[in-house]
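**Student:** This is start_9.pdb, which holds PDB, C-alpha atoms:
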```pdb
ATOM      1  CA  MET D  19      19.105 -13.999 -11.151
ATOM      2  CA  PRO D  20      22.543 -13.992  -9.407
ATOM      3  CA  LEU D  21      22.790 -11.599  -6.452
ATOM      4  CA  LEU D  22      25.696  -9.678  -7.978
ATOM      5  CA  VAL D  23      23.816  -9.072 -11.224
ATOM      6  CA  THR D  24      20.784  -7.847  -9.281
ATOM      7  CA  ALA D  25      23.054  -5.527  -7.278
ATOM      8  CA  ILE D  26      24.485  -4.042 -10.484
ATOM      9  CA  LEU D  27      21.049  -3.556 -12.056
ATOM     10  CA  LEU D  28      19.623  -1.897  -8.936
ATOM     11  CA  GLY D  29      22.706   0.318  -8.662
ATOM     12  CA  ILE D  30      22.132   1.444 -12.252
ATOM     13  CA  VAL D  31      18.447   2.110 -11.537
ATOM     14  CA  GLU D  32      19.308   4.184  -8.440
ATOM     15  CA  GLY D  33      22.030   6.179 -10.180
ATOM     16  CA  LEU D  34      19.881   6.856 -13.243
ATOM     17  CA  THR D  35      16.702   7.870 -11.454
ATOM     18  CA  GLU D  36      17.693   9.553  -8.167
ATOM     19  CA  PHE D  37      18.225  12.999  -9.669
ATOM     20  CA  LEU D  38      15.872  12.755 -12.635
ATOM     21  CA  PRO D  39      12.177  13.628 -12.163
ATOM     22  CA  VAL D  40      11.096   9.987 -12.492
ATOM     23  CA  SER D  41      11.300   8.639  -8.884
ATOM     24  CA  SER D  42      14.147   6.321  -7.874
ATOM     25  CA  THR D  43      12.158   4.825  -4.985
ATOM     26  CA  GLY D  44       9.262   4.116  -7.306
ATOM     27  CA  HIS D  45      11.511   2.351  -9.794
ATOM     28  CA  LEU D  46      13.098   0.207  -7.085
ATOM     29  CA  ILE D  47       9.645  -0.764  -5.771
ATOM     30  CA  LEU D  48       8.444  -1.685  -9.264
ATOM     31  CA  ALA D  49      11.651  -3.615  -9.916
ATOM     32  CA  ALA D  50      11.012  -5.684  -6.799
ATOM     33  CA  LYS D  51       7.512  -6.550  -7.986
ATOM     34  CA  LEU D  52       8.029  -6.955 -11.714
ATOM     35  CA  PHE D  53      11.315  -8.882 -11.554
ATOM     36  CA  GLY D  54      10.330 -11.022  -8.602
ATOM     37  CA  TYR D  55      13.145 -10.480  -6.112
ATOM     38  CA  ASP D  56      12.452 -10.294  -2.380
ATOM     39  CA  ASP D  57      12.231  -6.597  -1.554
ATOM     40  CA  ALA D  58      12.529  -7.252   2.193
ATOM     41  CA  GLN D  59      15.926  -8.920   1.707
ATOM     42  CA  TRP D  60      17.175  -5.971  -0.336
ATOM     43  CA  SER D  61      15.768  -3.205   1.863
ATOM     44  CA  VAL D  62      19.080  -2.323   3.540
ATOM     45  CA  PHE D  63      20.853  -2.521   0.168
ATOM     46  CA  ASN D  64      18.376  -0.058  -1.360
ATOM     47  CA  ILE D  65      19.006   2.350   1.515
ATOM     48  CA  VAL D  66      22.797   2.227   1.433
ATOM     49  CA  ILE D  67      23.210   2.662  -2.336
ATOM     50  CA  GLN D  68      21.469   6.040  -2.045
ATOM     51  CA  LEU D  69      24.635   7.241  -0.340
ATOM     52  CA  GLY D  70      26.492   6.547  -3.592
ATOM     53  CA  ALA D  71      24.220   9.003  -5.380
ATOM     54  CA  ILE D  72      24.741  11.565  -2.599
ATOM     55  CA  LEU D  73      28.513  11.197  -2.920
ATOM     56  CA  ALA D  74      28.219  11.961  -6.634
ATOM     57  CA  VAL D  75      26.722  15.383  -5.810
ATOM     58  CA  VAL D  76      29.506  16.125  -3.316
ATOM     59  CA  VAL D  77      32.200  15.165  -5.838
ATOM     60  CA  LEU D  78      30.730  17.115  -8.759
ATOM     61  CA  TYR D  79      30.017  20.244  -6.716
ATOM     62  CA  TRP D  80      32.995  20.119  -4.363
ATOM     63  CA  ARG D  81      34.097  23.603  -5.446
ATOM     64  CA  THR D  82      30.724  25.004  -4.409
ATOM     65  CA  PHE D  83      30.893  23.293  -1.019
ATOM     66  CA  TRP D  84      34.477  24.454  -0.566
ATOM     67  CA  ALA D  85      33.527  28.039  -1.427
ATOM     68  CA  VAL D  86      30.556  27.933   0.954
ATOM     69  CA  GLY D  87      32.752  26.539   3.723
ATOM     70  CA  LEU D  88      35.334  29.280   3.277
ATOM     71  CA  GLY D  89      32.535  31.833   3.041
ATOM     72  CA  LEU D  90      31.102  30.692   6.349
ATOM     73  CA  ILE D  91      34.498  31.083   8.009
ATOM     74  CA  ARG D  92      34.807  34.581   6.567
ATOM     75  CA  GLY D  93      31.233  35.477   7.477
ATOM     76  CA  GLU D  94      30.169  36.104   3.865
ATOM     77  CA  LYS D  95      26.472  36.872   3.557
ATOM     78  CA  THR D  96      25.870  34.733   0.440
ATOM     79  CA  ALA D  97      27.472  31.633   1.990
ATOM     80  CA  ILE D  98      25.485  32.027   5.202
ATOM     81  CA  GLN D  99      22.271  32.493   3.217
ATOM     82  CA  PHE D 100      23.101  29.399   1.127
ATOM     83  CA  VAL D 101      23.203  27.247   4.264
ATOM     84  CA  ILE D 102      20.126  28.884   5.780
ATOM     85  CA  ASN D 103      18.144  28.326   2.590
ATOM     86  CA  LEU D 104      19.024  24.627   2.480
ATOM     87  CA  LEU D 105      18.145  24.156   6.143
ATOM     88  CA  VAL D 106      14.821  25.968   5.730
ATOM     89  CA  ALA D 107      13.955  23.798   2.724
ATOM     90  CA  PHE D 108      14.959  20.667   4.658
ATOM     91  CA  ILE D 109      12.768  21.338   7.723
ATOM     92  CA  PRO D 110       9.358  20.367   6.221
ATOM     93  CA  ALA D 111      10.657  16.912   5.235
ATOM     94  CA  VAL D 112      11.988  16.334   8.758
ATOM     95  CA  VAL D 113       8.755  17.313  10.488
ATOM     96  CA  LEU D 114       6.299  15.629   8.132
ATOM     97  CA  GLY D 115       8.540  12.594   7.646
ATOM     98  CA  LEU D 116       8.577  11.873  11.366
ATOM     99  CA  ILE D 117       4.848  12.511  11.751
ATOM    100  CA  PHE D 118       3.748  10.340   8.839
ATOM    101  CA  LYS D 119       6.503   7.676   8.863
ATOM    102  CA  LYS D 120       4.137   4.747   9.477
ATOM    103  CA  LYS D 121       1.775   5.809   6.707
ATOM    104  CA  ILE D 122       4.714   6.351   4.352
ATOM    105  CA  ASP D 123       6.006   2.838   5.099
ATOM    106  CA  ILE D 124       2.570   1.450   4.158
ATOM    107  CA  LEU D 125       2.630   3.308   0.835
ATOM    108  CA  LEU D 126       6.103   1.936   0.111
ATOM    109  CA  GLU D 127       4.550  -1.526   0.020
ATOM    110  CA  SER D 128       2.171  -0.651  -2.821
ATOM    111  CA  PRO D 129       3.554  -0.878  -6.383
ATOM    112  CA  MET D 130       0.173   0.223  -7.772
ATOM    113  CA  VAL D 131       0.467   3.530  -5.891
ATOM    114  CA  VAL D 132       3.842   4.012  -7.580
ATOM    115  CA  ALA D 133       2.424   3.269 -11.021
ATOM    116  CA  TRP D 134      -0.426   5.759 -10.696
ATOM    117  CA  ALA D 135       1.883   8.378  -9.164
ATOM    118  CA  LEU D 136       4.158   8.079 -12.208
ATOM    119  CA  VAL D 137       1.255   8.799 -14.549
ATOM    120  CA  VAL D 138      -0.229  11.656 -12.523
ATOM    121  CA  GLY D 139       3.211  13.174 -11.984
ATOM    122  CA  GLY D 140       3.943  13.026 -15.702
ATOM    123  CA  VAL D 141       0.752  14.904 -16.510
ATOM    124  CA  ALA D 142       1.598  17.480 -13.816
ATOM    125  CA  ILE D 143       5.073  18.059 -15.267
ATOM    126  CA  ILE D 144       3.637  18.676 -18.745
ATOM    127  CA  ALA D 145       1.172  21.188 -17.297
ATOM    128  CA  ILE D 146       3.877  22.990 -15.313
ATOM    129  CA  GLU D 147       6.180  23.068 -18.353
ATOM    130  CA  ARG D 148       3.399  24.748 -20.296
ATOM    131  CA  PHE D 149       2.391  27.385 -17.769
ATOM    132  CA  ALA D 150       5.411  27.918 -15.475
ATOM    133  CA  LYS D 151       8.555  28.968 -17.291
ATOM    134  CA  GLY D 152      10.747  29.735 -14.306
ATOM    135  CA  GLY D 153      12.014  33.264 -13.685
ATOM    136  CA  ASP D 154      14.878  35.531 -12.708
ATOM    137  CA  TYR D 155      15.895  34.016  -9.369
ATOM    138  CA  VAL D 156      19.433  32.716  -9.938
ATOM    139  CA  GLY D 157      21.742  31.245  -7.304
ATOM    140  CA  ILE D 158      20.704  29.433  -4.141
ATOM    141  CA  GLY D 159      22.337  32.024  -1.897
ATOM    142  CA  GLN D 160      20.200  34.758  -3.474
ATOM    143  CA  LEU D 161      16.817  33.053  -3.014
ATOM    144  CA  PRO D 162      14.276  34.451  -0.525
ATOM    145  CA  VAL D 163      13.751  32.210   2.488
ATOM    146  CA  SER D 164      10.015  32.019   1.786
ATOM    147  CA  LYS D 165      10.622  30.437  -1.631
ATOM    148  CA  CYS D 166      13.069  27.931  -0.129
ATOM    149  CA  PHE D 167      10.463  26.900   2.425
ATOM    150  CA  GLY D 168       7.968  26.505  -0.406
ATOM    151  CA  VAL D 169      10.353  24.229  -2.300
ATOM    152  CA  GLY D 170      10.789  22.212   0.896
ATOM    153  CA  LEU D 171       7.014  21.770   1.164
ATOM    154  CA  MET D 172       6.895  20.589  -2.444
ATOM    155  CA  GLN D 173       9.626  18.055  -1.677
ATOM    156  CA  CYS D 174       7.282  16.461   0.875
ATOM    157  CA  LEU D 175       5.013  15.338  -1.970
ATOM    158  CA  ALA D 176       7.707  12.774  -2.735
ATOM    159  CA  MET D 177       6.792  10.933   0.460
ATOM    160  CA  VAL D 178       4.242   9.297  -1.820
ATOM    161  CA  PRO D 179       6.368   6.733  -3.703
ATOM    162  CA  GLY D 180       6.454   7.412  -7.407
ATOM    163  CA  VAL D 181       6.091  11.194  -7.114
ATOM    164  CA  SER D 182       9.864  11.873  -7.376
ATOM    165  CA  ARG D 183      11.746  14.050  -4.917
ATOM    166  CA  SER D 184      13.753  15.812  -7.611
ATOM    167  CA  GLY D 185      10.673  16.277  -9.792
ATOM    168  CA  ALA D 186       8.629  17.800  -6.963
ATOM    169  CA  THR D 187      11.382  20.195  -5.908
ATOM    170  CA  ILE D 188      12.325  21.281  -9.431
ATOM    171  CA  MET D 189       8.755  21.769 -10.609
ATOM    172  CA  GLY D 190       7.894  23.576  -7.383
ATOM    173  CA  ALA D 191      10.884  25.863  -7.846
ATOM    174  CA  LEU D 192       9.847  26.677 -11.419
ATOM    175  CA  CYS D 193       6.363  27.600 -10.207
ATOM    176  CA  MET D 194       7.982  30.017  -7.724
ATOM    177  CA  GLY D 195       9.958  31.858 -10.381
ATOM    178  CA  ILE D 196      13.320  30.135  -9.963
ATOM    179  CA  ASN D 197      15.173  29.520 -13.221
ATOM    180  CA  ARG D 198      15.783  25.983 -14.513
ATOM    181  CA  SER D 199      19.470  25.499 -13.721
ATOM    182  CA  THR D 200      19.152  26.949 -10.208
ATOM    183  CA  ALA D 201      16.050  24.812  -9.598
ATOM    184  CA  ALA D 202      17.945  21.674 -10.615
ATOM    185  CA  GLU D 203      21.021  22.522  -8.526
ATOM    186  CA  PHE D 204      18.822  23.378  -5.532
ATOM    187  CA  SER D 205      17.270  19.922  -5.875
ATOM    188  CA  PHE D 206      20.725  18.297  -5.980
ATOM    189  CA  PHE D 207      21.981  20.128  -2.892
ATOM    190  CA  LEU D 208      18.748  19.614  -0.963
ATOM    191  CA  ALA D 209      19.079  15.890  -1.657
ATOM    192  CA  ILE D 210      22.140  15.684   0.596
ATOM    193  CA  PRO D 211      20.540  16.462   3.991
ATOM    194  CA  THR D 212      17.213  14.919   2.927
ATOM    195  CA  MET D 213      18.642  11.603   1.751
ATOM    196  CA  LEU D 214      21.145  11.431   4.595
ATOM    197  CA  GLY D 215      18.340  11.959   7.088
ATOM    198  CA  ALA D 216      16.112   9.362   5.418
ATOM    199  CA  THR D 217      18.995   6.895   5.237
ATOM    200  CA  VAL D 218      19.848   7.288   8.928
ATOM    201  CA  LEU D 219      16.170   6.880   9.857
ATOM    202  CA  GLN D 220      15.787   3.740   7.748
ATOM    203  CA  LEU D 221      19.040   2.224   9.003
ATOM    204  CA  ALA D 222      17.898   2.858  12.571
ATOM    205  CA  SER D 223      14.618   1.061  11.866
ATOM    206  CA  HIS D 224      16.590  -1.901  10.456
ATOM    207  CA  ARG D 225      19.205  -1.915  13.230
ATOM    208  CA  HIS D 226      18.152  -5.323  14.566
ATOM    209  CA  GLU D 227      18.430  -6.872  11.124
ATOM    210  CA  LEU D 228      21.870  -5.325  10.647
ATOM    211  CA  ALA D 229      23.071  -6.438  14.080
ATOM    212  CA  ALA D 230      21.858 -10.004  13.533
ATOM    213  CA  GLY D 231      23.287 -10.186  10.025
ATOM    214  CA  THR D 232      20.112 -11.837   8.761
ATOM    215  CA  SER D 233      20.009 -10.051   5.398
ATOM    216  CA  ALA D 234      20.510 -12.367   2.418
ATOM    217  CA  VAL D 235      22.438  -9.595   0.672
ATOM    218  CA  GLY D 236      26.097  -9.436   1.678
ATOM    219  CA  MET D 237      28.590  -6.605   1.923
ATOM    220  CA  SER D 238      30.029  -7.411  -1.507
ATOM    221  CA  GLU D 239      26.662  -6.798  -3.195
ATOM    222  CA  ILE D 240      26.155  -3.612  -1.181
ATOM    223  CA  ALA D 241      29.631  -2.366  -2.145
ATOM    224  CA  VAL D 242      29.038  -3.095  -5.833
ATOM    225  CA  GLY D 243      25.636  -1.385  -5.783
ATOM    226  CA  PHE D 244      27.127   1.648  -4.017
ATOM    227  CA  VAL D 245      29.912   2.046  -6.589
ATOM    228  CA  VAL D 246      27.601   1.521  -9.566
ATOM    229  CA  SER D 247      25.092   4.033  -8.173
ATOM    230  CA  PHE D 248      27.888   6.570  -7.638
ATOM    231  CA  VAL D 249      29.361   6.216 -11.135
ATOM    232  CA  VAL D 250      26.007   6.323 -12.930
ATOM    233  CA  ALA D 251      24.815   9.302 -10.859
ATOM    234  CA  LEU D 252      28.010  11.176 -11.773
ATOM    235  CA  ALA D 253      27.172  10.856 -15.462
ATOM    236  CA  VAL D 254      23.490  11.666 -14.986
ATOM    237  CA  ILE D 255      23.985  14.811 -12.893
ATOM    238  CA  LYS D 256      26.669  16.141 -15.205
ATOM    239  CA  GLY D 257      24.419  16.027 -18.243
ATOM    240  CA  PHE D 258      21.055  16.737 -16.662
ATOM    241  CA  VAL D 259      21.351  20.520 -16.202
ATOM    242  CA  THR D 260      22.605  20.956 -19.766
ATOM    243  CA  TYR D 261      19.830  18.761 -21.140
ATOM    244  CA  ILE D 262      16.921  20.501 -19.405
ATOM    245  CA  SER D 263      18.260  23.906 -20.421
ATOM    246  CA  ARG D 264      17.823  22.838 -24.042
ATOM    247  CA  ARG D 265      14.962  20.352 -24.027
ATOM    248  CA  GLY D 266      13.006  20.957 -20.819
ATOM    249  CA  PHE D 267      11.248  18.300 -18.731
ATOM    250  CA  THR D 268       8.572  17.076 -21.146
ATOM    251  CA  PRO D 269      10.566  13.992 -22.300
ATOM    252  CA  PHE D 270      10.750  12.833 -18.671
ATOM    253  CA  ALA D 271       7.018  13.422 -18.278
ATOM    254  CA  ILE D 272       6.260  11.305 -21.339
ATOM    255  CA  TYR D 273       8.501   8.556 -19.993
ATOM    256  CA  ARG D 274       6.690   8.649 -16.639
ATOM    257  CA  ILE D 275       3.284   8.334 -18.270
ATOM    258  CA  ILE D 276       4.368   5.410 -20.467
ATOM    259  CA  ALA D 277       6.225   3.621 -17.647
ATOM    260  CA  GLY D 278       3.317   4.123 -15.257
ATOM    261  CA  ALA D 279       0.758   2.883 -17.795
ATOM    262  CA  VAL D 280       2.852  -0.206 -18.546
ATOM    263  CA  ALA D 281       3.255  -0.892 -14.825
ATOM    264  CA  ILE D 282      -0.499  -0.509 -14.194
ATOM    265  CA  TYR D 283      -1.233  -2.985 -16.985
ATOM    266  CA  ALA D 284       1.447  -5.438 -15.843
ATOM    267  CA  LEU D 285       0.456  -5.268 -12.170
ATOM    268  CA  GLY D 286      -3.190  -5.734 -13.098
ATOM    269  CA  HIS D 287      -2.353  -8.983 -14.904
ATOM    270  CA  MET D 288      -0.052 -10.433 -12.280
ATOM    271  CA  GLY D 289      -1.266 -13.046  -9.872
TER     272      GLY D 289
END
```
Starting from the file, lay out its structure as structure tokens.
**Tutor:**
Amino acid sequence: MPLLVTAILLGIVEGLTEFLPVSSTGHLILAAKLFGYDDAQWSVFNIVIQLGAILAVVVLYWRTFWAVGLGLIRGEKTAIQFVINLLVAFIPAVVLGLIFKKKIDILLESPMVVAWALVVGGVAIIAIERFAKGGDYVGIGQLPVSKCFGVGLMQCLAMVPGVSRSGATIMGALCMGINRSTAAEFSFFLAIPTMLGATVLQLASHRHELAAGTSAVGMSEIAVGFVVSFVVALAVIKGFVTYISRRGFTPFAIYRIIAGAVAIYALGHMG
């Protein structure tokens, strides 16, 4: 498959799955295995295109960020609490990510872990949908710090590839009485420091490869993947909150279970 076509396909996968509860990392790992491209050669590419998805959040919610920025300057309590809540939720990922980085890197090399995580996560989402209906907590700036820390702990489950960062944070938020739209938006905003931190860490670990220019994937492929990821993520984020307000998360859970089962079967029959 031509490099440019692969870049476009992976950009679509990243943009589609980063903010849905289906695991973008898991899909990229499975794509590497099932479609036979060299994951090591595309490792830097996979890291950089995440920034396209992050940019989509900033663009779509620029008014919120602008209001928070002005609120911070004016000393508004809600704006200050908004920032505090995001930082508190971000802390567990920083601490546990640094402690368990080597073990996480090992898991990232196992497509079968991804496949099983998709299935188990799908079952978990169905169970949470049935028993946890969210609650009255609306607005990130109004959330208690303790609940934000709890959401941050749930996000750490996504260190297992295939679990889904957005799925873990949203489902965790629902279990803590946060309503659906706020849970989804909290997940979007929390993605910015979390993904930026993970991207910087991964780029630092690949600094020698970047300096030597040994990657088979050039800047043109990276640029195309970045743009495609950004555009697709724009469309996904815009419709996601509306969709879950009407239909819930069960369709994503069913997809996870089917995709995971297919991957388990396919991986089991590959040489």
**Student:** If we count all atoms listed in the file and set the cut-off at 9 Å, which residues sit around Leu27 in chain D, ignoring sequence neighbours fewer than 4 positions away in its own chain? Please answer as a PyMOL selection string.
**Tutor:** chain D and resi 22-23+31-32+243+246
**Student:** In terms of the shortest atom-to-atom distance over only C-alpha atoms, which of D:Ile275, D:Met213, D:Val77, D:Cys174 is closest to Phe118 in chain D?
**Tutor:**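 Of D:Ile275, D:Met213, D:Val77, D:Cys174, the one nearest Phe118 in chain D, counting only C-alpha atoms, is D:Cys174.
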**Student:** Residues at most 10 Å from range 45-52 of chain D, counting all atoms listed in the file, excluding those fewer than 3 positions away in the same chain, as a compact mmCIF listing (two decimals) with C-alpha atoms, keeping the file's coordinate frame?
**Tutor:**
```
# COMPACT_ATOMS: atom_id res chain seq x y z
CA LEU D 27 21.05 -3.56 -12.06
CA LEU D 28 19.62 -1.90 -8.94
CA GLY D 29 22.71 0.32 -8.66
CA VAL D 31 18.45 2.11 -11.54
CA GLU D 32 19.31 4.18 -8.44
CA THR D 35 16.70 7.87 -11.45
CA GLU D 36 17.69 9.55 -8.17
CA VAL D 40 11.10 9.99 -12.49
CA SER D 41 11.30 8.64 -8.88
CA SER D 42 14.15 6.32 -7.87
CA TYR D 55 13.14 -10.48 -6.11
CA ASP D 56 12.45 -10.29 -2.38
CA ASP D 57 12.23 -6.60 -1.55
CA ALA D 58 12.53 -7.25 2.19
CA TRP D 60 17.18 -5.97 -0.34
CA SER D 61 15.77 -3.20 1.86
CA ASN D 64 18.38 -0.06 -1.36
CA LEU D 126 6.10 1.94 0.11
CA GLU D 127 4.55 -1.53 0.02
CA SER D 128 2.17 -0.65 -2.82
CA PRO D 129 3.55 -0.88 -6.38
CA MET D 130 0.17 0.22 -7.77
CA VAL D 132 3.84 4.01 -7.58
CA ALA D 133 2.42 3.27 -11.02
CA LEU D 136 4.16 8.08 -12.21
CA PRO D 179 6.37 6.73 -3.70
CA GLY D 180 6.45 7.41 -7.41
CA SER D 182 9.86 11.87 -7.38
CA ALA D 277 6.22 3.62 -17.65
CA GLY D 278 3.32 4.12 -15.26
CA ALA D 281 3.26 -0.89 -14.82
CA ALA D 284 1.45 -5.44 -15.84
CA LEU D 285 0.46 -5.27 -12.17
CA MET D 288 -0.05 -10.43 -12.28
```
**Student:** Tell me, as a ChimeraX atom specification, which residues lie within 10 Å of Ser199 in chain D, counting all atoms listed in the file; anything in the same chain fewer than 6 positions away does not count.
**Tutor:** /D:152,156-157,188,192,205,258-260,262-263
**Student:** Could you write out as a PyMOL selection string the residues that the PyMOL selection byres ((chain D and resi 154) around 12) matches in the shown file?
**Tutor:** chain D and resi 151-153+155-157+160-161+191-201
**Student:** Next, the residues of the selection above should be written as a PDB file, keeping the file's coordinate frame with C-alpha atoms.
**Tutor:**
```
ATOM      1  CA  LYS D 151       8.555  28.968 -17.291  1.00  0.00           C
ATOM      2  CA  GLY D 152      10.747  29.735 -14.306  1.00  0.00           C
ATOM      3  CA  GLY D 153      12.014  33.264 -13.685  1.00  0.00           C
ATOM      4  CA  TYR D 155      15.895  34.016  -9.369  1.00  0.00           C
ATOM      5  CA  VAL D 156      19.433  32.716  -9.938  1.00  0.00           C
ATOM      6  CA  GLY D 157      21.742  31.245  -7.304  1.00  0.00           C
ATOM      7  CA  GLN D 160      20.200  34.758  -3.474  1.00  0.00           C
ATOM      8  CA  LEU D 161      16.817  33.053  -3.014  1.00  0.00           C
ATOM      9  CA  ALA D 191      10.884  25.863  -7.846  1.00  0.00           C
ATOM     10  CA  LEU D 192       9.847  26.677 -11.419  1.00  0.00           C
ATOM     11  CA  CYS D 193       6.363  27.600 -10.207  1.00  0.00           C
ATOM     12  CA  MET D 194       7.982  30.017  -7.724  1.00  0.00           C
ATOM     13  CA  GLY D 195       9.958  31.858 -10.381  1.00  0.00           C
ATOM     14  CA  ILE D 196      13.320  30.135  -9.963  1.00  0.00           C
ATOM     15  CA  ASN D 197      15.173  29.520 -13.221  1.00  0.00           C
ATOM     16  CA  ARG D 198      15.783  25.983 -14.513  1.00  0.00           C
ATOM     17  CA  SER D 199      19.470  25.499 -13.721  1.00  0.00           C
ATOM     18  CA  THR D 200      19.152  26.949 -10.208  1.00  0.00           C
ATOM     19  CA  ALA D 201      16.050  24.812  -9.598  1.00  0.00           C
TER      20      ALA D 201
END
```
**Student:** Calculate how many Å separate CA of Lys256 in chain D from CA of Leu105 in chain D, rounding to one decimal.
**Tutor:**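 Calculated distance between CA of Lys256 in chain D and CA of Leu105 in chain D is 24.3 Å.
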**Student:** Would you mind reading off the distance between CA of Ile240 in chain D and CA of Ile72 in chain D, one decimal, in Å?
**Tutor:**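 These atoms are spaced 15.3 Å apart.
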**Student:** Tell me which of D:Ser247, D:Thr268, D:Gln220, D:Thr187 sits closest to Leu116 in chain D, counting only C-alpha atoms.
**Tutor:**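 Checking each of D:Ser247, D:Thr268, D:Gln220, D:Thr187 against Leu116 in chain D, counting only C-alpha atoms, the winner is D:Gln220.
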**Student:** Using Å and a single decimal, report how far CA of Leu34 in chain D sits from CA of Val250 in chain D.
**Tutor:**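 Value for the CA of Val250 in chain D-CA of Leu34 in chain D distance: 6.2 Å.
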**Student:** May I have the centre and edge lengths, in Å to one decimal, of an axis-aligned box around the listed atoms of range 140-151 of chain D with 8 Å added to every side, as AutoDock Vina command-line options?
**Tutor:**
```
--center_x 4.7 --center_y 21.0 --center_z -17.1 --size_x 23.8 --size_y 31.9 --size_z 22.5
```
**Student:** Using all atoms listed in the file, which of D:Tyr283, D:Phe207, D:Phe270, D:Phe83 sits nearest Gly139 in chain D?
**Tutor:**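 Using all atoms listed in the file, the shortest distance to Gly139 in chain D belongs to D:Phe270.
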**Student:** Kindly complete range 30-35 of chain D to all heavy atoms; the output should be written as a PDB file, keeping the file's coordinate frame.
**Tutor:**
```pdb
ATOM      1  N   ILE D  30      22.364   0.649 -11.043  1.00  0.00           N
ATOM      2  CA  ILE D  30      22.132   1.444 -12.252  1.00  0.00           C
ATOM      3  C   ILE D  30      20.802   2.190 -12.147  1.00  0.00           C
ATOM      4  O   ILE D  30      20.716   3.379 -12.471  1.00  0.00           O
ATOM      5  CB  ILE D  30      22.139   0.536 -13.505  1.00  0.00           C
ATOM      6  CG1 ILE D  30      23.550  -0.013 -13.738  1.00  0.00           C
ATOM      7  CG2 ILE D  30      21.656   1.309 -14.731  1.00  0.00           C
ATOM      8  CD1 ILE D  30      23.627  -1.053 -14.843  1.00  0.00           C
ATOM      9  N   VAL D  31      19.768   1.479 -11.686  1.00  0.00           N
ATOM     10  CA  VAL D  31      18.447   2.110 -11.537  1.00  0.00           C
ATOM     11  C   VAL D  31      18.525   3.293 -10.577  1.00  0.00           C
ATOM     12  O   VAL D  31      18.006   4.383 -10.860  1.00  0.00           O
ATOM     13  CB  VAL D  31      17.406   1.085 -11.036  1.00  0.00           C
ATOM     14  CG1 VAL D  31      16.115   1.791 -10.628  1.00  0.00           C
ATOM     15  CG2 VAL D  31      17.117   0.048 -12.107  1.00  0.00           C
ATOM     16  N   GLU D  32      19.185   3.109  -9.429  1.00  0.00           N
ATOM     17  CA  GLU D  32      19.308   4.184  -8.440  1.00  0.00           C
ATOM     18  C   GLU D  32      20.076   5.374  -9.012  1.00  0.00           C
ATOM     19  O   GLU D  32      19.655   6.523  -8.891  1.00  0.00           O
ATOM     20  CB  GLU D  32      20.003   3.667  -7.186  1.00  0.00           C
ATOM     21  CG  GLU D  32      20.411   4.725  -6.181  1.00  0.00           C
ATOM     22  CD  GLU D  32      19.239   5.480  -5.587  1.00  0.00           C
ATOM     23  OE1 GLU D  32      18.125   4.928  -5.542  1.00  0.00           O
ATOM     24  OE2 GLU D  32      19.428   6.636  -5.174  1.00  0.00           O
ATOM     25  N   GLY D  33      21.215   5.098  -9.628  1.00  0.00           N
ATOM     26  CA  GLY D  33      22.030   6.179 -10.180  1.00  0.00           C
ATOM     27  C   GLY D  33      21.342   6.938 -11.294  1.00  0.00           C
ATOM     28  O   GLY D  33      21.463   8.162 -11.397  1.00  0.00           O
ATOM     29  N   LEU D  34      20.583   6.220 -12.131  1.00  0.00           N
ATOM     30  CA  LEU D  34      19.881   6.856 -13.243  1.00  0.00           C
ATOM     31  C   LEU D  34      18.719   7.720 -12.780  1.00  0.00           C
ATOM     32  O   LEU D  34      18.467   8.796 -13.330  1.00  0.00           O
ATOM     33  CB  LEU D  34      19.340   5.790 -14.212  1.00  0.00           C
ATOM     34  CG  LEU D  34      20.288   5.220 -15.262  1.00  0.00           C
ATOM     35  CD1 LEU D  34      19.607   4.087 -16.022  1.00  0.00           C
ATOM     36  CD2 LEU D  34      20.739   6.310 -16.235  1.00  0.00           C
ATOM     37  N   THR D  35      17.992   7.254 -11.775  1.00  0.00           N
ATOM     38  CA  THR D  35      16.702   7.870 -11.454  1.00  0.00           C
ATOM     39  C   THR D  35      16.696   8.792 -10.245  1.00  0.00           C
ATOM     40  O   THR D  35      15.733   9.541 -10.081  1.00  0.00           O
ATOM     41  CB  THR D  35      15.645   6.769 -11.227  1.00  0.00           C
ATOM     42  OG1 THR D  35      16.064   5.920 -10.136  1.00  0.00           O
ATOM     43  CG2 THR D  35      15.461   5.918 -12.469  1.00  0.00           C
TER      44      THR D  35
END
```
